[in-house]
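File shown: query.cif (mmCIF, N, CA and C atoms).
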data_final
loop_
_atom_site.label_atom_id
_atom_site.label_comp_id
_atom_site.auth_asym_id
_atom_site.auth_seq_id
_atom_site.Cartn_x
_atom_site.Cartn_y
_atom_site.Cartn_z
N MET J 1 46.02 45.98 5.71
CA MET J 1 46.73 44.79 5.24
C MET J 1 46.08 43.57 5.89
N SER J 2 45.53 42.72 5.09
CA SER J 2 44.89 41.53 5.63
C SER J 2 45.91 40.54 6.19
N ASP J 3 47.19 40.74 5.86
CA ASP J 3 48.25 39.86 6.32
C ASP J 3 48.78 40.22 7.69
N ARG J 4 48.27 41.28 8.34
CA ARG J 4 48.85 41.76 9.59
C ARG J 4 48.87 40.67 10.65
N SER J 5 47.77 39.96 10.86
CA SER J 5 47.74 38.91 11.88
C SER J 5 48.65 37.75 11.50
N ALA J 6 48.73 37.44 10.22
CA ALA J 6 49.63 36.37 9.78
C ALA J 6 51.09 36.78 9.98
N LEU J 7 51.39 38.06 9.78
CA LEU J 7 52.75 38.54 10.03
C LEU J 7 53.08 38.48 11.51
N GLU J 8 52.12 38.84 12.35
CA GLU J 8 52.34 38.76 13.79
C GLU J 8 52.65 37.32 14.21
N GLU J 9 51.90 36.37 13.68
CA GLU J 9 52.14 34.96 14.00
C GLU J 9 53.51 34.52 13.49
N LEU J 10 53.85 34.93 12.28
CA LEU J 10 55.14 34.57 11.69
C LEU J 10 56.30 35.08 12.55
N ILE J 11 56.24 36.34 12.94
CA ILE J 11 57.32 36.94 13.73
C ILE J 11 57.40 36.29 15.11
N ALA J 12 56.26 36.10 15.74
CA ALA J 12 56.24 35.54 17.10
C ALA J 12 56.74 34.10 17.14
N ARG J 13 56.48 33.34 16.09
CA ARG J 13 56.87 31.92 16.14
C ARG J 13 58.25 31.66 15.57
N ASP J 14 58.90 32.71 15.06
CA ASP J 14 60.22 32.55 14.46
C ASP J 14 61.20 31.90 15.42
N GLY J 15 61.10 32.23 16.72
CA GLY J 15 61.97 31.64 17.72
C GLY J 15 63.25 32.41 17.93
N LEU J 16 63.59 33.30 17.03
CA LEU J 16 64.82 34.07 17.14
C LEU J 16 64.58 35.40 17.84
N PHE J 17 63.37 35.92 17.73
CA PHE J 17 63.09 37.25 18.24
C PHE J 17 62.56 37.21 19.67
N THR J 18 63.04 38.13 20.50
CA THR J 18 62.54 38.27 21.87
C THR J 18 61.16 38.93 21.82
N PRO J 19 60.41 38.86 22.91
CA PRO J 19 59.11 39.57 22.93
C PRO J 19 59.24 41.06 22.62
N ASP J 20 60.30 41.70 23.11
CA ASP J 20 60.51 43.13 22.81
C ASP J 20 60.75 43.34 21.31
N GLU J 21 61.52 42.45 20.70
CA GLU J 21 61.78 42.56 19.26
C GLU J 21 60.51 42.33 18.45
N VAL J 22 59.69 41.38 18.87
CA VAL J 22 58.41 41.15 18.20
C VAL J 22 57.56 42.42 18.26
N ALA J 23 57.52 43.05 19.43
CA ALA J 23 56.73 44.27 19.59
C ALA J 23 57.23 45.38 18.66
N VAL J 24 58.53 45.53 18.55
CA VAL J 24 59.09 46.56 17.67
C VAL J 24 58.79 46.23 16.21
N ALA J 25 58.95 44.98 15.82
CA ALA J 25 58.64 44.60 14.44
C ALA J 25 57.19 44.91 14.10
N LEU J 26 56.29 44.64 15.03
CA LEU J 26 54.88 44.93 14.80
C LEU J 26 54.61 46.44 14.76
N GLU J 27 55.32 47.21 15.56
CA GLU J 27 55.19 48.67 15.50
C GLU J 27 55.55 49.19 14.10
N LEU J 28 56.61 48.64 13.52
CA LEU J 28 57.02 49.08 12.19
C LEU J 28 56.01 48.66 11.13
N ILE J 29 55.46 47.47 11.27
CA ILE J 29 54.40 47.03 10.35
C ILE J 29 53.20 47.97 10.46
N ASP J 30 52.80 48.27 11.69
CA ASP J 30 51.67 49.18 11.88
C ASP J 30 51.96 50.57 11.33
N ALA J 31 53.19 51.05 11.50
CA ALA J 31 53.57 52.36 10.96
C ALA J 31 53.51 52.35 9.44
N SER J 32 53.90 51.23 8.83
CA SER J 32 53.83 51.15 7.36
C SER J 32 52.39 51.15 6.88
N LEU J 33 51.50 50.55 7.67
CA LEU J 33 50.07 50.55 7.31
C LEU J 33 49.47 51.94 7.48
N ALA J 34 49.90 52.65 8.51
CA ALA J 34 49.35 53.98 8.80
C ALA J 34 49.82 55.03 7.79
N ALA J 35 51.02 54.84 7.24
CA ALA J 35 51.57 55.83 6.32
C ALA J 35 52.26 55.12 5.15
N PRO J 36 51.48 54.59 4.20
CA PRO J 36 52.09 53.92 3.04
C PRO J 36 53.07 54.85 2.33
N GLY J 37 54.24 54.31 1.99
CA GLY J 37 55.26 55.12 1.34
C GLY J 37 56.03 56.00 2.30
N GLY J 38 55.80 55.83 3.60
CA GLY J 38 56.48 56.63 4.61
C GLY J 38 57.84 56.06 4.97
N ASP J 39 58.19 56.20 6.23
CA ASP J 39 59.52 55.78 6.67
C ASP J 39 59.69 54.27 6.77
N TYR J 40 58.60 53.53 6.86
CA TYR J 40 58.69 52.08 6.97
C TYR J 40 57.91 51.45 5.83
N ARG J 41 58.57 50.55 5.10
CA ARG J 41 57.96 49.86 3.97
C ARG J 41 57.98 48.37 4.26
N VAL J 42 56.92 47.68 3.88
CA VAL J 42 56.82 46.24 4.09
C VAL J 42 56.45 45.57 2.78
N LEU J 43 57.18 44.53 2.44
CA LEU J 43 56.84 43.66 1.32
C LEU J 43 56.54 42.29 1.88
N VAL J 44 55.48 41.67 1.41
CA VAL J 44 55.05 40.36 1.90
C VAL J 44 55.10 39.36 0.76
N ALA J 45 55.63 38.18 1.04
CA ALA J 45 55.62 37.08 0.08
C ALA J 45 54.52 36.11 0.48
N ASP J 46 53.56 35.90 -0.40
CA ASP J 46 52.48 34.94 -0.18
C ASP J 46 52.68 33.76 -1.12
N LEU J 47 52.64 32.56 -0.57
CA LEU J 47 52.72 31.34 -1.37
C LEU J 47 51.68 30.37 -0.85
N ALA J 48 50.98 29.74 -1.75
CA ALA J 48 49.98 28.73 -1.38
C ALA J 48 49.01 29.28 -0.34
N ASP J 49 48.54 30.51 -0.57
CA ASP J 49 47.56 31.15 0.30
C ASP J 49 48.02 31.31 1.74
N ARG J 50 49.32 31.47 1.95
CA ARG J 50 49.84 31.74 3.29
C ARG J 50 50.98 32.73 3.19
N VAL J 51 51.20 33.46 4.27
CA VAL J 51 52.33 34.38 4.32
C VAL J 51 53.60 33.54 4.44
N ALA J 52 54.44 33.65 3.41
CA ALA J 52 55.68 32.89 3.39
C ALA J 52 56.84 33.67 4.01
N GLY J 53 56.73 35.00 4.03
CA GLY J 53 57.78 35.81 4.61
C GLY J 53 57.50 37.28 4.38
N TYR J 54 58.33 38.10 4.99
CA TYR J 54 58.20 39.54 4.80
C TYR J 54 59.54 40.21 5.03
N VAL J 55 59.66 41.42 4.49
CA VAL J 55 60.81 42.27 4.72
C VAL J 55 60.30 43.66 5.05
N CYS J 56 60.95 44.30 6.02
CA CYS J 56 60.61 45.68 6.40
C CYS J 56 61.87 46.51 6.24
N PHE J 57 61.74 47.65 5.58
CA PHE J 57 62.90 48.52 5.33
C PHE J 57 62.44 49.97 5.30
N GLY J 58 63.39 50.87 5.37
CA GLY J 58 63.05 52.29 5.32
C GLY J 58 64.27 53.14 5.11
N PRO J 59 64.05 54.40 4.73
CA PRO J 59 65.17 55.32 4.51
C PRO J 59 65.87 55.64 5.83
N THR J 60 67.18 55.74 5.78
CA THR J 60 67.96 56.11 6.95
C THR J 60 67.90 57.63 7.11
N PRO J 61 67.43 58.11 8.25
CA PRO J 61 67.34 59.55 8.44
C PRO J 61 68.68 60.26 8.23
N MET J 62 68.59 61.46 7.68
CA MET J 62 69.73 62.36 7.47
C MET J 62 70.79 61.79 6.53
N THR J 63 70.37 60.92 5.61
CA THR J 63 71.29 60.40 4.60
C THR J 63 70.68 60.63 3.23
N GLU J 64 71.51 60.43 2.23
CA GLU J 64 71.06 60.55 0.84
C GLU J 64 71.20 59.19 0.18
N GLY J 65 70.07 58.51 -0.02
CA GLY J 65 70.08 57.23 -0.72
C GLY J 65 70.48 56.03 0.12
N THR J 66 70.55 56.20 1.44
CA THR J 66 70.88 55.07 2.31
C THR J 66 69.60 54.57 2.98
N TRP J 67 69.45 53.26 3.01
CA TRP J 67 68.25 52.62 3.55
C TRP J 67 68.65 51.57 4.58
N ASP J 68 67.75 51.32 5.50
CA ASP J 68 67.94 50.28 6.50
C ASP J 68 67.01 49.11 6.20
N LEU J 69 67.55 47.91 6.25
CA LEU J 69 66.74 46.69 6.22
C LEU J 69 66.52 46.35 7.69
N TYR J 70 65.29 46.54 8.17
CA TYR J 70 65.00 46.37 9.60
C TYR J 70 64.73 44.93 9.98
N TRP J 71 63.88 44.26 9.21
CA TRP J 71 63.45 42.92 9.57
C TRP J 71 63.25 42.10 8.30
N ILE J 72 63.61 40.85 8.39
CA ILE J 72 63.24 39.90 7.35
C ILE J 72 62.98 38.58 8.07
N ALA J 73 61.90 37.93 7.70
CA ALA J 73 61.56 36.65 8.31
C ALA J 73 60.86 35.79 7.28
N THR J 74 61.10 34.50 7.37
CA THR J 74 60.49 33.53 6.47
C THR J 74 59.80 32.47 7.32
N HIS J 75 58.62 32.05 6.89
CA HIS J 75 57.91 30.98 7.58
C HIS J 75 58.80 29.75 7.62
N PRO J 76 58.91 29.08 8.77
CA PRO J 76 59.80 27.92 8.89
C PRO J 76 59.58 26.87 7.80
N ALA J 77 58.35 26.63 7.40
CA ALA J 77 58.08 25.62 6.37
C ALA J 77 58.53 26.07 4.98
N MET J 78 58.81 27.37 4.82
CA MET J 78 59.17 27.91 3.51
C MET J 78 60.66 28.21 3.39
N ARG J 79 61.41 27.97 4.46
CA ARG J 79 62.85 28.26 4.41
C ARG J 79 63.55 27.33 3.43
N GLY J 80 64.52 27.89 2.74
CA GLY J 80 65.25 27.12 1.75
C GLY J 80 64.57 27.06 0.40
N HIS J 81 63.49 27.82 0.22
CA HIS J 81 62.76 27.82 -1.05
C HIS J 81 62.90 29.13 -1.81
N GLY J 82 63.83 29.99 -1.39
CA GLY J 82 64.09 31.24 -2.11
C GLY J 82 63.20 32.41 -1.73
N VAL J 83 62.41 32.25 -0.68
CA VAL J 83 61.50 33.34 -0.28
C VAL J 83 62.28 34.57 0.16
N ALA J 84 63.24 34.39 1.05
CA ALA J 84 64.02 35.53 1.54
C ALA J 84 64.80 36.18 0.40
N THR J 85 65.36 35.38 -0.49
CA THR J 85 66.08 35.93 -1.64
C THR J 85 65.14 36.76 -2.51
N ALA J 86 63.94 36.25 -2.77
CA ALA J 86 62.97 37.00 -3.57
C ALA J 86 62.59 38.30 -2.89
N LEU J 87 62.44 38.28 -1.56
CA LEU J 87 62.10 39.50 -0.84
C LEU J 87 63.22 40.53 -0.91
N VAL J 88 64.47 40.09 -0.72
CA VAL J 88 65.60 41.02 -0.80
C VAL J 88 65.73 41.56 -2.23
N ASP J 89 65.54 40.71 -3.22
CA ASP J 89 65.60 41.18 -4.61
C ASP J 89 64.53 42.23 -4.89
N ALA J 90 63.31 41.98 -4.40
CA ALA J 90 62.21 42.94 -4.61
C ALA J 90 62.50 44.25 -3.88
N MET J 91 63.03 44.15 -2.67
CA MET J 91 63.38 45.35 -1.91
C MET J 91 64.45 46.14 -2.66
N GLU J 92 65.49 45.47 -3.11
CA GLU J 92 66.57 46.16 -3.81
C GLU J 92 66.07 46.82 -5.09
N SER J 93 65.18 46.17 -5.79
CA SER J 93 64.60 46.76 -7.00
C SER J 93 63.84 48.04 -6.65
N ALA J 94 63.03 47.97 -5.60
CA ALA J 94 62.28 49.16 -5.16
C ALA J 94 63.23 50.28 -4.74
N LEU J 95 64.31 49.91 -4.08
CA LEU J 95 65.27 50.92 -3.62
C LEU J 95 66.01 51.56 -4.78
N ARG J 96 66.39 50.78 -5.78
CA ARG J 96 67.03 51.36 -6.97
C ARG J 96 66.08 52.34 -7.64
N ASP J 97 64.80 51.96 -7.74
CA ASP J 97 63.80 52.86 -8.34
C ASP J 97 63.65 54.15 -7.55
N ALA J 98 63.91 54.08 -6.24
CA ALA J 98 63.79 55.26 -5.37
C ALA J 98 65.12 56.01 -5.22
N GLY J 99 66.13 55.62 -6.00
CA GLY J 99 67.42 56.29 -5.92
C GLY J 99 68.31 55.80 -4.80
N GLY J 100 67.99 54.63 -4.26
CA GLY J 100 68.81 54.07 -3.19
C GLY J 100 70.19 53.68 -3.68
N ARG J 101 71.17 53.84 -2.82
CA ARG J 101 72.54 53.47 -3.18
C ARG J 101 73.19 52.55 -2.17
N LEU J 102 72.75 52.59 -0.89
CA LEU J 102 73.30 51.72 0.15
C LEU J 102 72.17 51.12 0.96
N VAL J 103 72.36 49.86 1.38
CA VAL J 103 71.42 49.20 2.29
C VAL J 103 72.24 48.72 3.48
N ARG J 104 71.75 49.05 4.67
CA ARG J 104 72.44 48.71 5.91
C ARG J 104 71.60 47.74 6.73
N VAL J 105 72.26 46.77 7.34
CA VAL J 105 71.63 45.82 8.24
C VAL J 105 72.38 45.86 9.56
N GLU J 106 71.64 45.93 10.66
CA GLU J 106 72.24 45.81 11.99
C GLU J 106 71.69 44.54 12.62
N THR J 107 72.60 43.73 13.19
CA THR J 107 72.18 42.48 13.79
C THR J 107 73.12 42.09 14.93
N SER J 108 72.70 41.14 15.70
CA SER J 108 73.52 40.61 16.78
C SER J 108 74.55 39.64 16.21
N HIS J 109 75.66 39.50 16.90
CA HIS J 109 76.66 38.53 16.45
C HIS J 109 76.41 37.14 17.03
N GLN J 110 75.41 36.97 17.88
CA GLN J 110 75.15 35.69 18.53
C GLN J 110 75.02 34.56 17.50
N GLU J 111 75.45 33.38 17.88
CA GLU J 111 75.43 32.23 16.97
C GLU J 111 74.02 31.94 16.45
N ALA J 112 73.00 32.25 17.22
CA ALA J 112 71.62 32.03 16.76
C ALA J 112 71.35 32.80 15.47
N TYR J 113 72.11 33.85 15.22
CA TYR J 113 71.94 34.65 14.02
C TYR J 113 72.91 34.24 12.91
N GLY J 114 73.63 33.16 13.11
CA GLY J 114 74.62 32.71 12.13
C GLY J 114 74.06 32.49 10.74
N SER J 115 72.88 31.86 10.65
CA SER J 115 72.31 31.63 9.31
C SER J 115 71.92 32.95 8.66
N ALA J 116 71.48 33.93 9.46
CA ALA J 116 71.16 35.25 8.90
C ALA J 116 72.43 35.91 8.38
N HIS J 117 73.52 35.84 9.13
CA HIS J 117 74.79 36.43 8.67
C HIS J 117 75.22 35.81 7.35
N ARG J 118 75.14 34.49 7.27
CA ARG J 118 75.54 33.80 6.03
C ARG J 118 74.63 34.22 4.87
N PHE J 119 73.34 34.34 5.14
CA PHE J 119 72.39 34.79 4.11
C PHE J 119 72.79 36.17 3.59
N TYR J 120 73.01 37.10 4.50
CA TYR J 120 73.38 38.46 4.08
C TYR J 120 74.69 38.46 3.31
N GLN J 121 75.67 37.71 3.77
CA GLN J 121 76.95 37.66 3.06
C GLN J 121 76.79 37.09 1.66
N ARG J 122 75.98 36.04 1.50
CA ARG J 122 75.74 35.47 0.17
C ARG J 122 75.06 36.47 -0.76
N HIS J 123 74.34 37.42 -0.18
CA HIS J 123 73.61 38.41 -0.98
C HIS J 123 74.32 39.76 -1.04
N GLY J 124 75.63 39.74 -0.78
CA GLY J 124 76.44 40.93 -1.00
C GLY J 124 76.49 41.93 0.14
N PHE J 125 76.19 41.49 1.36
CA PHE J 125 76.23 42.35 2.54
C PHE J 125 77.40 41.93 3.43
N PRO J 126 78.60 42.42 3.20
CA PRO J 126 79.70 42.06 4.09
C PRO J 126 79.60 42.82 5.42
N GLU J 127 80.24 42.28 6.43
CA GLU J 127 80.34 42.99 7.69
C GLU J 127 81.25 44.19 7.49
N VAL J 128 80.78 45.37 7.89
CA VAL J 128 81.58 46.59 7.73
C VAL J 128 81.97 47.21 9.08
N ALA J 129 81.30 46.80 10.15
CA ALA J 129 81.63 47.33 11.48
C ALA J 129 81.07 46.40 12.55
N ARG J 130 81.69 46.51 13.72
CA ARG J 130 81.24 45.72 14.87
C ARG J 130 81.45 46.58 16.11
N LEU J 131 80.40 46.69 16.91
CA LEU J 131 80.47 47.41 18.18
C LEU J 131 80.38 46.38 19.30
N ARG J 132 81.47 46.21 20.01
CA ARG J 132 81.56 45.20 21.06
C ARG J 132 80.59 45.50 22.21
N ASP J 133 79.96 44.46 22.71
CA ASP J 133 79.10 44.54 23.89
C ASP J 133 77.96 45.55 23.74
N PHE J 134 77.49 45.76 22.54
CA PHE J 134 76.47 46.79 22.27
C PHE J 134 75.12 46.45 22.90
N TYR J 135 74.61 45.26 22.61
CA TYR J 135 73.28 44.88 23.11
C TYR J 135 73.31 44.54 24.59
N LYS J 136 74.38 43.85 24.99
CA LYS J 136 74.64 43.49 26.39
C LYS J 136 76.05 42.92 26.41
N PRO J 137 76.63 42.75 27.58
CA PRO J 137 77.98 42.18 27.61
C PRO J 137 78.02 40.86 26.84
N GLY J 138 78.97 40.78 25.92
CA GLY J 138 79.13 39.57 25.11
C GLY J 138 78.25 39.50 23.88
N ASP J 139 77.46 40.54 23.62
CA ASP J 139 76.56 40.54 22.46
C ASP J 139 76.85 41.78 21.61
N ASP J 140 77.65 41.56 20.58
CA ASP J 140 78.09 42.65 19.70
C ASP J 140 77.03 43.02 18.68
N LEU J 141 77.05 44.28 18.28
CA LEU J 141 76.27 44.76 17.14
C LEU J 141 77.13 44.57 15.90
N VAL J 142 76.59 43.88 14.90
CA VAL J 142 77.27 43.69 13.62
C VAL J 142 76.52 44.52 12.59
N ILE J 143 77.27 45.35 11.85
CA ILE J 143 76.69 46.16 10.79
C ILE J 143 77.18 45.60 9.46
N MET J 144 76.23 45.30 8.61
CA MET J 144 76.53 44.76 7.27
C MET J 144 75.95 45.76 6.27
N MET J 145 76.63 45.91 5.12
CA MET J 145 76.17 46.91 4.18
C MET J 145 76.39 46.45 2.74
N LYS J 146 75.47 46.87 1.90
CA LYS J 146 75.57 46.55 0.47
C LYS J 146 75.40 47.82 -0.33
N ARG J 147 76.27 47.98 -1.31
CA ARG J 147 76.16 49.09 -2.26
C ARG J 147 75.32 48.59 -3.43
N LEU J 148 74.26 49.30 -3.74
CA LEU J 148 73.38 48.89 -4.84
C LEU J 148 73.96 49.35 -6.18
N PRO J 149 73.90 48.49 -7.17
CA PRO J 149 74.37 48.92 -8.50
C PRO J 149 73.44 50.00 -9.06
N ALA J 150 74.00 50.90 -9.80
CA ALA J 150 73.22 52.01 -10.37
C ALA J 150 72.26 51.53 -11.41
#
Structure rendered as structure tokens:
Amino acid sequence: MSDRSALEELIARDGLFTPDEVAVALELIDASLAAPGGDYRVLVADLADRVAGYVCFGPTPMTEGTWDLYWIATHPAMRGHGVATALVDAMESALRDAGGRLVRVETSHQEAYGSAHRFYQRHGFPEVARLRDFYKPGDDLVIMMKRLPA
């Protein structure tokens, strides 16, 4: 993938992700490159000859038709232009084609993630569970889920 270095720059400069999270996101990108169609899938949005955003997703182990949306990021200059919506729409289309029925997102409840929560809610991912103090004291795990139409 010629976009790998551009994706690394995009993730690192997002400002929301810690260095450990950046490393994990890159591990999943590398895994998707090593095994296309495997457990990790990546879709990239390119606009005006630049990486505008990406989404990483994969099947949830030991489930039937359940998928995890692991990462989604949009270039700061491209936010508000429908890039993330287009990526989620493309992911959902691919998942329906693969027999997907549920998409799960796990995220922090911290206010820094507020715009992400609102984005997911606007796109049909309500909060379905919360685990208090999961990441660290005062930082809950929020699970959001969407049922895909048949």
**Close residues, Ala45 in chain J itself excluded, 9 Å, only C-alpha atoms, min 2 positions apart in chain, as an MDAnalysis selection string** = chainID J and resid 43 47 50:55 74 83:84 86:87
**Message:** Using only C-alpha atoms for the distances, tell me which of J:Thr85, J:Gln110, J:Thr18, J:Ser93 is nearest to Arg122 in chain J.
**Reply:**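 When distances to Arg122 in chain J are compared using only C-alpha atoms, the smallest one comes from J:Thr85.
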Answer key for the PyMOL selection byres (((chain J and resi 30-34 and name CA) around 12) and name CA), residues as a CSV table (one decimal) with N, CA and C atoms, in the coordinates of the input:
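Output saved as selection25.csv:
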chain,number,residue,atom,x,y,z
J,1,MET,N,46.0,46.0,5.7
J,1,MET,CA,46.7,44.8,5.2
J,1,MET,C,46.1,43.6,5.9
J,2,SER,N,45.5,42.7,5.1
J,2,SER,CA,44.9,41.5,5.6
J,2,SER,C,45.9,40.5,6.2
J,3,ASP,N,47.2,40.7,5.9
J,3,ASP,CA,48.2,39.9,6.3
J,3,ASP,C,48.8,40.2,7.7
J,4,ARG,N,48.3,41.3,8.3
J,4,ARG,CA,48.8,41.8,9.6
J,4,ARG,C,48.9,40.7,10.6
J,5,SER,N,47.8,40.0,10.9
J,5,SER,CA,47.7,38.9,11.9
J,5,SER,C,48.6,37.8,11.5
J,7,LEU,N,51.4,38.1,9.8
J,7,LEU,CA,52.8,38.5,10.0
J,7,LEU,C,53.1,38.5,11.5
J,8,GLU,N,52.1,38.8,12.4
J,8,GLU,CA,52.3,38.8,13.8
J,8,GLU,C,52.6,37.3,14.2
J,23,ALA,N,57.5,43.0,19.4
J,23,ALA,CA,56.7,44.3,19.6
J,23,ALA,C,57.2,45.4,18.7
J,24,VAL,N,58.5,45.5,18.6
J,24,VAL,CA,59.1,46.6,17.7
J,24,VAL,C,58.8,46.2,16.2
J,25,ALA,N,59.0,45.0,15.8
J,25,ALA,CA,58.6,44.6,14.4
J,25,ALA,C,57.2,44.9,14.1
J,26,LEU,N,56.3,44.6,15.0
J,26,LEU,CA,54.9,44.9,14.8
J,26,LEU,C,54.6,46.4,14.8
J,27,GLU,N,55.3,47.2,15.6
J,27,GLU,CA,55.2,48.7,15.5
J,27,GLU,C,55.6,49.2,14.1
J,28,LEU,N,56.6,48.6,13.5
J,28,LEU,CA,57.0,49.1,12.2
J,28,LEU,C,56.0,48.7,11.1
J,29,ILE,N,55.5,47.5,11.3
J,29,ILE,CA,54.4,47.0,10.4
J,29,ILE,C,53.2,48.0,10.5
J,35,ALA,N,51.0,54.8,7.2
J,35,ALA,CA,51.6,55.8,6.3
J,35,ALA,C,52.3,55.1,5.2
J,36,PRO,N,51.5,54.6,4.2
J,36,PRO,CA,52.1,53.9,3.0
J,36,PRO,C,53.1,54.8,2.3
J,37,GLY,N,54.2,54.3,2.0
J,37,GLY,CA,55.3,55.1,1.3
J,37,GLY,C,56.0,56.0,2.3
J,38,GLY,N,55.8,55.8,3.6
J,38,GLY,CA,56.5,56.6,4.6
J,38,GLY,C,57.8,56.1,5.0
J,39,ASP,N,58.2,56.2,6.2
J,39,ASP,CA,59.5,55.8,6.7
J,39,ASP,C,59.7,54.3,6.8
J,40,TYR,N,58.6,53.5,6.9
J,40,TYR,CA,58.7,52.1,7.0
J,40,TYR,C,57.9,51.4,5.8
J,41,ARG,N,58.6,50.6,5.1
J,41,ARG,CA,58.0,49.9,4.0
J,41,ARG,C,58.0,48.4,4.3
J,42,VAL,N,56.9,47.7,3.9
J,42,VAL,CA,56.8,46.2,4.1
J,42,VAL,C,56.4,45.6,2.8
J,43,LEU,N,57.2,44.5,2.4
J,43,LEU,CA,56.8,43.7,1.3
J,43,LEU,C,56.5,42.3,1.9
J,55,VAL,N,59.7,41.4,4.5
J,55,VAL,CA,60.8,42.3,4.7
J,55,VAL,C,60.3,43.7,5.0
J,56,CYS,N,61.0,44.3,6.0
J,56,CYS,CA,60.6,45.7,6.4
J,56,CYS,C,61.9,46.5,6.2
J,57,PHE,N,61.7,47.6,5.6
J,57,PHE,CA,62.9,48.5,5.3
J,57,PHE,C,62.4,50.0,5.3
J,58,GLY,N,63.4,50.9,5.4
J,58,GLY,CA,63.0,52.3,5.3
J,58,GLY,C,64.3,53.1,5.1
**Asked** Given the choices J:His81, J:His109, J:Arg96, J:His75, which gets closest to Pro137 in chain J if the distance is worked out from only C-alpha atoms?
**Response** J:His109
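Between CA of Ala150 in chain J and atom N of Arg101 in chain J there is a distance of 8.0 Å.
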**Item:** Distance in Å - atom N of Leu69 in chain J versus atom C of Met144 in chain J
**Value:** 8.7 Å
**Message:** Between atom C of Arg130 in chain J and CA of Arg104 in chain J, what distance in Å does the model show, to one decimal?
**Reply:**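 Calculated distance between atom C of Arg130 in chain J and CA of Arg104 in chain J is 13.8 Å.
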**Request:** Determine which residues of range 45-92 of chain J DSSP labels as strand (DSSP E or B) from the backbone of this structure, then write them out as a PyMOL selection string.
**Result:** chain J and resi 45-47+50-59+66-74
**Prompt:** Which residue, J:Ala112, J:Met145, J:Val88, J:Leu16, has the smallest gap to Pro126 in chain J when you use only C-alpha atoms?
**Reply:**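 Of J:Ala112, J:Met145, J:Val88, J:Leu16, the one nearest Pro126 in chain J is J:Met145, counting only C-alpha atoms.
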**Request:** Please return as a ChimeraX atom specification: the residues of chain J that backbone DSSP assigns to alpha helix (DSSP H).
**Result:** /J:4-13,19-34,83-97,114-122
Taking every listed atom of range 7-21 of chain J and adding 4 Å to each side, what centre and edge lengths in Å (one decimal) does the axis-aligned box have, as lines of an AutoDock Vina configuration file?
center_x = 58.1
center_y = 37.5
center_z = 16.4
size_x = 21.4
size_y = 19.7
size_z = 21.3
